[in-house]
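As structure tokens, the structure follows; a few thoughts come after it.
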Amino acid sequence: MTETDRPAKDRPWVMRTYAGHSTAAASNELYRTNLAKGQTGLSVAFDLPTQTGYDPDSPLARGEVGKVGVPVPHLGEMRRLFEDIPLVEMNTSMTINATAMWLLALYQVVAEEQNPDLAPGEVAAKLAGTTQNDIIKEYLSRGTYAFPPEHSMRLIGDMIAYTVHRIPKWNPINICSYHLQEAGATPTQELAYSLCTAIAVLDQVKASGQVSEDDFEKVVGRISFFVNAGVRFIEEMCKMRAFVELWDEITRERYGVQDPKMRRFRYGVQVNSLGLTEAQPENNVQRIVLEMLGVTLSKGARARAVQLPAWNEALGLPRPWDQQWSLRLQQVLAFESDLLEYDDIFDGSPVIQKKVTELVEGARAEIDRVQAMGGAIAAVDSGYMKQELVSAHAARRARIESGEEKIVGVNIYETTAPSPLTADLDTAIQTADPAAEQAALDSVAAWKDQRDEAEVADALAKLAEAAKTDANLMGPTLVAARAGATTGEWAGALREVFGEFRAPTGVSGAVGVSEAIGEAGAELAAVREKVRATGDELAGNKGGRLRLLVGKPGLDGHSNGAEQVAVRARDAGFEVIYQGIRLTPEQIVSAAVAEDVHCVGLSILSGSHMELVPAVLDGLREAGLGDVPVIVGGIIPDSDGRRLRELGVAAVFTPKDFGLTEIMGGIVDVIRRANDLD
């Protein structure tokens, strides 16, 4: 074959690395380094206070600043974040939901400042990128919501209308199935619930009357999706083909979109992070590659943007070199292989078509079920979707524990030679800058000192007044951003109007594994008897049934682990007290006192364990409950685990401790030791 005979190559997908940590200055340096290595787009990770609408000086922000992303409490920090990065030439994805309108406003203002010779409208027309902005999945799986569902949907509708008219190259929402899969969704549920979300969003925009019938096709054309790809890469690839088929059907039949380009299923992907293992973490590299193949092999269902996790994410925060390794995985596939030279290699395969048809039919049935309830918001309010996800996750955990679902290095082929990658665990991950929180506090104080307080107060008052009407809130938000308001002040003004919200946990009605049979069922039965017997022994002290408080301190909304612990503890015979996410240490202590619990279990995945766990321990001692044992679960480096035990934590569980029933037995042992029963 001569060079001229070679097929023309497709353009590679946009290559991103999800990044942001500590401070805006540190994150800016990381972005510029990654771009120099060949990354072709930015994917910004914001810290939890920024995502949930709190400033660094909020009590809820304690221990969370700069941990899972970059803090951006005001315009000055957004300037630092993108210093020397020309935004009109960049394609930027921002993982931001509840406060998406605010962060887009800050981004737009920084772009205007970078281009003083252009009119604001000209700058806006050049901006390209995506705000995740899918609030429904936050209620179901990730927990970074700020306002009640109907008001959150109003903000989404306002943003979409604004961007269609003013920032036409911007994707104002990324319908996000990624976190649904992490929360336990089957492929059918992932398809159905994310598409129900898309329907709810489009119906919201249509009902708002802010977009004409002629422009509505543009709205549909700017909707993008953000998906997860697990290690069952053939099933995942079929899922993507099913997404393409269903989205074309929905946009054509429900919304009458005639232009095929506007009906195109456009998606980016982050392959599965929670499926990565702490045990034998080197195996995660091949998992990541398989997951990438699921979203790149089929040309007709290929991702438009890909970001890959690092091999060591189950251990802690990846280092720049680890992120580079993941970027190179993409580059080898795109530039060394011949993947991009061919049409879809799966077209005509009866095996693939059979699986796609199965997924499409199952998803249609579940979509119809949700729509019959009144749509996605109604299914959130009723707790239906959350309960289904918790149940599906419980079933998967049971399959892993029984060995039916095999994970190499975890429940099969566990023997291993020492790994040079993890010979020194303390240097195998990056440590968050301990000075980041104080730097953010100093930044907010300095920012407030130099701004015009009267101008800020006026802007926030006008924002609140507009929120009481049906006016588009993007305009008042931009005014507040230019005036110098902070992230917490913007969200606080809207909370005053919209109110607070706590999403259903899905735990009480979830189907657990109490009916399990075989070895797994026998193990659970033995633990249940141990729970009963221990409760009886303590009957003269705190009553007959063992009471376990499962707490989620701080802003970490990844509640999957806490929910599964709560469900399995219930199945094991514990009385479980679980109040959901986003609690202060003081609230957890109050609940422990009120419920007279035998054990407190804390779940933290955000890296804030060294700040929040000691606060709970101190609070329990002050409340006279210093003898109540505390256990902790999360992504906790070995050195931190040792320190927590030195501080008084009875047990520390990390992702390698996958056996929930075994953990339940461990909790009973902790309670027995604390009460001198052994």
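Labeling convention for the structure tokens: chains A, B, ... as they appear, residues from 1 per chain, ligands from 1 in order of appearance.
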Alpha helix (DSSP H) call set, DSSP backbone run, range 406-441 of chain A, as a ChimeraX atom specification: /A:436-441
With all heavy atoms retained, export the selected residues as an mmCIF file, in the first residue's frame.
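And here is the file that came out, again.cif:
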data_model
loop_
_atom_site.group_PDB
_atom_site.id
_atom_site.type_symbol
_atom_site.label_atom_id
_atom_site.label_comp_id
_atom_site.auth_asym_id
_atom_site.auth_seq_id
_atom_site.Cartn_x
_atom_site.Cartn_y
_atom_site.Cartn_z
ATOM 1 N N ALA A 436 -2.862 25.141 51.868
ATOM 2 C CA ALA A 436 -3.839 25.628 50.888
ATOM 3 C C ALA A 436 -5.038 26.298 51.557
ATOM 4 O O ALA A 436 -5.530 27.326 51.081
ATOM 5 C CB ALA A 436 -4.312 24.475 50.008
ATOM 6 N N GLU A 437 -5.519 25.724 52.661
ATOM 7 C CA GLU A 437 -6.702 26.293 53.315
ATOM 8 C C GLU A 437 -6.417 27.692 53.848
ATOM 9 O O GLU A 437 -7.208 28.614 53.651
ATOM 10 C CB GLU A 437 -7.180 25.376 54.441
ATOM 11 C CG GLU A 437 -8.466 25.855 55.088
ATOM 12 C CD GLU A 437 -9.172 24.757 55.864
ATOM 13 O OE1 GLU A 437 -8.881 23.569 55.641
ATOM 14 O OE2 GLU A 437 -10.031 25.107 56.694
ATOM 15 N N GLN A 438 -5.268 27.857 54.497
ATOM 16 C CA GLN A 438 -4.939 29.182 55.014
ATOM 17 C C GLN A 438 -4.715 30.172 53.877
ATOM 18 O O GLN A 438 -5.102 31.344 53.976
ATOM 19 C CB GLN A 438 -3.691 29.114 55.895
ATOM 20 C CG GLN A 438 -3.400 30.423 56.644
ATOM 21 C CD GLN A 438 -4.555 30.856 57.529
ATOM 22 O OE1 GLN A 438 -5.061 30.067 58.333
ATOM 23 N NE2 GLN A 438 -5.011 32.104 57.378
ATOM 24 N N ALA A 439 -4.109 29.712 52.787
ATOM 25 C CA ALA A 439 -3.904 30.590 51.631
ATOM 26 C C ALA A 439 -5.243 31.068 51.075
ATOM 27 O O ALA A 439 -5.396 32.237 50.694
ATOM 28 C CB ALA A 439 -3.110 29.861 50.544
ATOM 29 N N ALA A 440 -6.240 30.164 51.039
ATOM 30 C CA ALA A 440 -7.564 30.537 50.543
ATOM 31 C C ALA A 440 -8.254 31.511 51.496
ATOM 32 O O ALA A 440 -8.926 32.459 51.058
ATOM 33 C CB ALA A 440 -8.423 29.294 50.343
ATOM 34 N N LEU A 441 -8.108 31.280 52.791
ATOM 35 C CA LEU A 441 -8.690 32.203 53.771
ATOM 36 C C LEU A 441 -8.068 33.593 53.632
ATOM 37 O O LEU A 441 -8.776 34.610 53.648
ATOM 38 C CB LEU A 441 -8.463 31.667 55.182
ATOM 39 C CG LEU A 441 -9.276 30.422 55.581
ATOM 40 C CD1 LEU A 441 -8.736 29.829 56.874
ATOM 41 C CD2 LEU A 441 -10.751 30.769 55.733
#
Strand (DSSP E or B) positions in range 486-669 of chain A, given as a PyMOL selection string: chain A and resi 547-551+553+575-578+583+599-604+630-634+651-653
Pull the closest atom pair for each residue of range 45-108 of chain A that gets at most 9 Å from range 463-485 of chain A, along with the distance in Å to one decimal, counting only C-alpha atoms, ordering rows by chain and then ascending residue number, as a tab-separated table.
residue	atom	partner	partner_atom	distance
A:Pro73	CA	A:Ala485	CA	8.8
A:His74	CA	A:Ala485	CA	6.7
A:Leu75	CA	A:Gly484	CA	6.6
A:Gly76	CA	A:Gly484	CA	8.5
A:Met101	CA	A:Met474	CA	6.8
A:Trp102	CA	A:Thr477	CA	6.4
A:Leu104	CA	A:Leu478	CA	9.0
A:Ala105	CA	A:Leu478	CA	5.3
A:Leu106	CA	A:Ala481	CA	6.0
A:Gln108	CA	A:Leu478	CA	8.5
Write out the residues from the selection above, keeping N, CA, C and O atoms, as a PDB file, in the first residue's frame.
ATOM      1  N   PRO A  73     -12.884  31.036  45.148  1.00  0.00           N
ATOM      2  CA  PRO A  73     -13.910  31.768  45.893  1.00  0.00           C
ATOM      3  C   PRO A  73     -14.243  33.141  45.325  1.00  0.00           C
ATOM      4  O   PRO A  73     -15.200  33.758  45.778  1.00  0.00           O
ATOM      5  N   HIS A  74     -13.471  33.622  44.331  1.00  0.00           N
ATOM      6  CA  HIS A  74     -13.762  34.946  43.773  1.00  0.00           C
ATOM      7  C   HIS A  74     -13.033  35.134  42.453  1.00  0.00           C
ATOM      8  O   HIS A  74     -12.224  34.294  42.033  1.00  0.00           O
ATOM      9  N   LEU A  75     -13.314  36.231  41.796  1.00  0.00           N
ATOM     10  CA  LEU A  75     -12.782  36.523  40.468  1.00  0.00           C
ATOM     11  C   LEU A  75     -11.257  36.533  40.448  1.00  0.00           C
ATOM     12  O   LEU A  75     -10.634  36.088  39.471  1.00  0.00           O
ATOM     13  N   GLY A  76     -10.636  37.027  41.502  1.00  0.00           N
ATOM     14  CA  GLY A  76      -9.182  37.085  41.536  1.00  0.00           C
ATOM     15  C   GLY A  76      -8.544  35.711  41.409  1.00  0.00           C
ATOM     16  O   GLY A  76      -7.511  35.555  40.731  1.00  0.00           O
ATOM     17  N   MET A 101     -23.481  28.288  37.027  1.00  0.00           N
ATOM     18  CA  MET A 101     -23.758  29.624  36.498  1.00  0.00           C
ATOM     19  C   MET A 101     -22.707  30.620  36.998  1.00  0.00           C
ATOM     20  O   MET A 101     -22.205  31.456  36.233  1.00  0.00           O
ATOM     21  N   TRP A 102     -22.374  30.528  38.269  1.00  0.00           N
ATOM     22  CA  TRP A 102     -21.399  31.444  38.859  1.00  0.00           C
ATOM     23  C   TRP A 102     -20.003  31.257  38.257  1.00  0.00           C
ATOM     24  O   TRP A 102     -19.337  32.211  37.893  1.00  0.00           O
ATOM     25  N   LEU A 104     -19.209  29.912  35.362  1.00  0.00           N
ATOM     26  CA  LEU A 104     -19.203  30.346  33.964  1.00  0.00           C
ATOM     27  C   LEU A 104     -19.107  31.867  33.887  1.00  0.00           C
ATOM     28  O   LEU A 104     -18.393  32.415  33.026  1.00  0.00           O
ATOM     29  N   ALA A 105     -19.804  32.569  34.780  1.00  0.00           N
ATOM     30  CA  ALA A 105     -19.726  34.033  34.798  1.00  0.00           C
ATOM     31  C   ALA A 105     -18.293  34.485  35.082  1.00  0.00           C
ATOM     32  O   ALA A 105     -17.761  35.388  34.421  1.00  0.00           O
ATOM     33  N   LEU A 106     -17.633  33.879  36.078  1.00  0.00           N
ATOM     34  CA  LEU A 106     -16.244  34.223  36.381  1.00  0.00           C
ATOM     35  C   LEU A 106     -15.342  33.938  35.185  1.00  0.00           C
ATOM     36  O   LEU A 106     -14.449  34.736  34.851  1.00  0.00           O
ATOM     37  N   GLN A 108     -16.164  33.839  32.000  1.00  0.00           N
ATOM     38  CA  GLN A 108     -16.428  34.813  30.940  1.00  0.00           C
ATOM     39  C   GLN A 108     -15.775  36.158  31.256  1.00  0.00           C
ATOM     40  O   GLN A 108     -15.184  36.788  30.366  1.00  0.00           O
TER      41      GLN A 108
END
For the contact check between range 576-638 of chain A and range 668-677 of chain A, emit one row per residue of range 576-638 of chain A within 8 Å, containing the shortest atom pair and the distance in Å rounded to one decimal, counting only C-alpha atoms, chain then rising number order, as a tab-separated table.
residue	atom	partner	partner_atom	distance
A:His598	CA	A:Ile671	CA	6.6
A:Cys599	CA	A:Ile671	CA	6.6
A:Asp627	CA	A:Ala674	CA	6.7
A:Val628	CA	A:Ala674	CA	7.1
A:Pro629	CA	A:Ala674	CA	6.4
Let's have the selection written as an mmCIF file, in the first residue's frame, with all heavy atoms.
data_model
loop_
_atom_site.group_PDB
_atom_site.id
_atom_site.type_symbol
_atom_site.label_atom_id
_atom_site.label_comp_id
_atom_site.auth_asym_id
_atom_site.auth_seq_id
_atom_site.Cartn_x
_atom_site.Cartn_y
_atom_site.Cartn_z
ATOM 1 N N HIS A 598 -23.576 2.687 69.928
ATOM 2 C CA HIS A 598 -22.484 1.835 70.368
ATOM 3 C C HIS A 598 -21.217 2.063 69.555
ATOM 4 O O HIS A 598 -20.122 1.677 69.986
ATOM 5 C CB HIS A 598 -22.878 0.361 70.254
ATOM 6 C CG HIS A 598 -24.018 -0.028 71.141
ATOM 7 N ND1 HIS A 598 -25.337 0.011 70.721
ATOM 8 C CD2 HIS A 598 -24.035 -0.455 72.437
ATOM 9 C CE1 HIS A 598 -26.115 -0.398 71.717
ATOM 10 N NE2 HIS A 598 -25.360 -0.679 72.766
ATOM 11 N N CYS A 599 -21.349 2.637 68.358
ATOM 12 C CA CYS A 599 -20.186 2.848 67.497
ATOM 13 C C CYS A 599 -20.508 3.964 66.508
ATOM 14 O O CYS A 599 -21.662 4.105 66.069
ATOM 15 C CB CYS A 599 -19.827 1.563 66.743
ATOM 16 S SG CYS A 599 -18.351 1.681 65.699
ATOM 17 N N ASP A 627 -15.676 6.862 75.309
ATOM 18 C CA ASP A 627 -15.553 5.404 75.262
ATOM 19 C C ASP A 627 -16.269 4.788 74.067
ATOM 20 O O ASP A 627 -16.166 3.575 73.839
ATOM 21 C CB ASP A 627 -16.095 4.796 76.558
ATOM 22 C CG ASP A 627 -17.562 5.157 76.793
ATOM 23 O OD1 ASP A 627 -18.024 6.177 76.231
ATOM 24 O OD2 ASP A 627 -18.242 4.429 77.548
ATOM 25 N N VAL A 628 -17.005 5.582 73.290
ATOM 26 C CA VAL A 628 -17.690 5.072 72.099
ATOM 27 C C VAL A 628 -16.661 4.937 70.974
ATOM 28 O O VAL A 628 -16.025 5.921 70.588
ATOM 29 C CB VAL A 628 -18.834 6.005 71.661
ATOM 30 C CG1 VAL A 628 -19.412 5.562 70.321
ATOM 31 C CG2 VAL A 628 -19.921 6.028 72.727
ATOM 32 N N PRO A 629 -16.456 3.734 70.451
ATOM 33 C CA PRO A 629 -15.430 3.563 69.428
ATOM 34 C C PRO A 629 -15.803 4.251 68.117
ATOM 35 O O PRO A 629 -16.979 4.321 67.746
ATOM 36 C CB PRO A 629 -15.348 2.045 69.249
ATOM 37 C CG PRO A 629 -16.676 1.535 69.692
ATOM 38 C CD PRO A 629 -17.136 2.461 70.786
#
Shell of 8 Å around range 60-68 of chain A, only C-alpha atoms, local chain residues under 3 positions omitted, as a ChimeraX atom specification: /A:20-23,45-49,54-57,71,432-433,436-437,440,554-555,582-584,606-612
Residues from last step as file, N, CA and C atoms, as a compact mmCIF listing (two decimals), in the first residue's frame:
# COMPACT_ATOMS: atom_id res chain seq x y z
N GLY A 20 -6.69 19.78 39.15
CA GLY A 20 -6.87 20.99 39.96
C GLY A 20 -6.65 20.60 41.41
N HIS A 21 -5.84 21.38 42.13
CA HIS A 21 -5.57 21.04 43.52
C HIS A 21 -4.97 22.25 44.23
N SER A 22 -5.06 22.24 45.51
CA SER A 22 -4.37 23.15 46.43
C SER A 22 -4.72 24.62 46.22
N THR A 23 -4.14 25.25 45.21
CA THR A 23 -4.35 26.68 44.97
C THR A 23 -4.49 26.93 43.48
N ALA A 45 -10.94 20.58 37.89
CA ALA A 45 -11.52 20.03 39.11
C ALA A 45 -11.57 21.15 40.15
N PHE A 46 -12.75 21.46 40.64
CA PHE A 46 -12.92 22.46 41.70
C PHE A 46 -13.03 21.75 43.05
N ASP A 47 -12.61 22.43 44.10
CA ASP A 47 -12.74 21.81 45.42
C ASP A 47 -14.20 21.82 45.87
N LEU A 48 -14.48 21.08 46.93
CA LEU A 48 -15.87 20.90 47.35
C LEU A 48 -16.55 22.18 47.83
N PRO A 49 -15.87 23.08 48.57
CA PRO A 49 -16.54 24.33 48.90
C PRO A 49 -16.98 25.11 47.67
N TYR A 54 -19.77 27.44 49.01
CA TYR A 54 -19.31 27.95 50.30
C TYR A 54 -17.93 28.59 50.13
N ASP A 55 -17.69 29.63 50.88
CA ASP A 55 -16.36 30.23 50.91
C ASP A 55 -15.46 29.45 51.86
N PRO A 56 -14.14 29.60 51.75
CA PRO A 56 -13.22 28.86 52.62
C PRO A 56 -13.42 29.11 54.11
N ASP A 57 -14.04 30.24 54.48
CA ASP A 57 -14.23 30.53 55.90
C ASP A 57 -15.54 29.99 56.45
N PRO A 71 -9.63 25.68 44.81
CA PRO A 71 -10.61 26.64 45.37
C PRO A 71 -10.68 27.89 44.51
N ALA A 432 -1.74 16.74 49.30
CA ALA A 432 -2.33 18.07 49.17
C ALA A 432 -1.56 19.06 50.04
N ASP A 433 -1.41 20.25 49.55
CA ASP A 433 -0.66 21.29 50.26
C ASP A 433 -1.39 21.64 51.56
N ALA A 436 -2.86 25.14 51.87
CA ALA A 436 -3.84 25.63 50.89
C ALA A 436 -5.04 26.30 51.56
N GLU A 437 -5.52 25.72 52.66
CA GLU A 437 -6.70 26.29 53.32
C GLU A 437 -6.42 27.69 53.85
N ALA A 440 -6.24 30.16 51.04
CA ALA A 440 -7.56 30.54 50.54
C ALA A 440 -8.25 31.51 51.50
N GLY A 554 -18.24 16.85 56.69
CA GLY A 554 -17.68 17.70 55.64
C GLY A 554 -18.56 17.75 54.41
N LEU A 555 -17.94 18.11 53.29
CA LEU A 555 -18.69 18.32 52.05
C LEU A 555 -18.60 17.16 51.07
N ARG A 582 -23.03 15.69 54.19
CA ARG A 582 -22.80 17.10 54.50
C ARG A 582 -23.18 17.46 55.93
N LEU A 583 -22.53 16.81 56.88
CA LEU A 583 -22.76 17.10 58.29
C LEU A 583 -21.48 17.67 58.90
N THR A 584 -21.64 18.56 59.84
CA THR A 584 -20.48 19.05 60.58
C THR A 584 -20.11 18.01 61.65
N SER A 606 -12.75 12.50 50.49
CA SER A 606 -12.24 13.76 49.93
C SER A 606 -10.84 14.11 50.39
N GLY A 607 -10.26 13.30 51.27
CA GLY A 607 -8.94 13.61 51.79
C GLY A 607 -8.94 14.49 53.02
N SER A 608 -10.12 14.80 53.56
CA SER A 608 -10.20 15.71 54.70
C SER A 608 -10.24 14.95 56.04
N HIS A 609 -9.86 13.68 56.02
CA HIS A 609 -9.97 12.85 57.23
C HIS A 609 -9.09 13.35 58.37
N MET A 610 -7.92 13.92 58.05
CA MET A 610 -7.02 14.33 59.13
C MET A 610 -7.51 15.59 59.84
N GLU A 611 -8.43 16.31 59.24
CA GLU A 611 -9.02 17.47 59.90
C GLU A 611 -10.35 17.11 60.58
N LEU A 612 -11.18 16.32 59.90
CA LEU A 612 -12.54 16.09 60.38
C LEU A 612 -12.64 14.99 61.43
d(CA of Ala279 in chain A, CA of Phe658 in chain A) in Å: 10.3 Å
Contact residues around Gly268 in chain A with only C-alpha atoms at 7 Å, ignoring same-chain residues under 5 positions, as number ranges by chain: A: 225-227, 303-306
Export N, CA, C and O atoms of the chosen residues as a compact mmCIF listing (two decimals), in the first residue's frame?
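Below is the file that was written, part_34.txt:
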# COMPACT_ATOMS: atom_id res chain seq x y z
N PHE A 225 -23.02 14.94 26.70
CA PHE A 225 -23.11 13.94 27.76
C PHE A 225 -21.71 13.63 28.28
O PHE A 225 -20.71 13.81 27.59
N PHE A 226 -21.66 13.18 29.53
CA PHE A 226 -20.40 12.77 30.14
C PHE A 226 -20.64 11.40 30.73
O PHE A 226 -21.49 11.24 31.61
N VAL A 227 -19.92 10.41 30.22
CA VAL A 227 -20.24 9.03 30.58
C VAL A 227 -19.08 8.35 31.28
O VAL A 227 -17.95 8.82 31.28
N ALA A 303 -16.15 8.69 21.61
CA ALA A 303 -16.14 9.89 22.45
C ALA A 303 -15.48 11.05 21.71
O ALA A 303 -14.54 10.86 20.94
N ARG A 304 -15.96 12.25 21.99
CA ARG A 304 -15.35 13.46 21.43
C ARG A 304 -14.25 14.00 22.34
O ARG A 304 -13.46 14.84 21.92
N ALA A 305 -14.24 13.57 23.59
CA ALA A 305 -13.20 13.98 24.53
C ALA A 305 -13.01 12.85 25.54
O ALA A 305 -13.98 12.23 25.98
N VAL A 306 -11.76 12.58 25.89
CA VAL A 306 -11.45 11.49 26.81
C VAL A 306 -10.49 12.00 27.88
O VAL A 306 -9.51 12.69 27.59
Computed interatomic separation between CA of Lys218 in chain A and CA of Phe265 in chain A (Å): 13.5 Å
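Compared by their closest atoms to Ile429 in chain A, and using only C-alpha atoms, the residues A:Ile288, A:Leu195, A:Ile635, A:Ala615 rank with A:Ile635 nearest.
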Which of A:Val550, A:Met385, A:Ala591, A:Leu617 sits closest to Glu366 in chain A [using only C-alpha atoms]: A:Met385
Nearest residue to Phe233 in chain A from the set A:Pro116, A:Ser298, A:Arg252, A:Ala198 (distances using only C-alpha atoms): A:Ser298
Selected residue, from A:Met153, A:Leu460, A:Ile631, A:Val567, that lies nearest to Val600 in chain A when counting only C-alpha atoms: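 Of the candidates, the smallest distance to Val600 in chain A is held by A:Ile631.
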Spatial neighbours of His558 in chain A, 10 Å, only C-alpha atoms, chain gap at least 4 places, as a PyMOL selection string: chain A and resi 138+140-144+179+182-183+552+562-563+581+603-606
Neighbour list for Glu89 in chain A as a VMD selection string, cut-off 9 Å, only C-alpha atoms, skip fewer than 4 positions in-chain: chain A and resid 85 126 to 128
Given only C-alpha atoms as the counted atoms, nearest of A:Gln210, A:Asn228, A:Thr357, A:Thr163 to Ser194 in chain A: A:Asn228
Option closest in space to Ala566 in chain A, from A:Pro420, A:Asn283, A:Ser391, A:Ala522 [counting only C-alpha atoms]: A:Ser391
Computed interatomic separation between CA of Leu329 in chain A and CA of Leu274 in chain A (Å): 19.0 Å
Surrounding residues of Arg222 in chain A excluding itself and chain neighbours under 4 positions, 8 Å, only C-alpha atoms, as a list in words: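 Surrounding residues, per the criterion: Val164, Lys169, Trp170, Asn171, Pro172, Ile173, Lys218 and Met262 of chain A.
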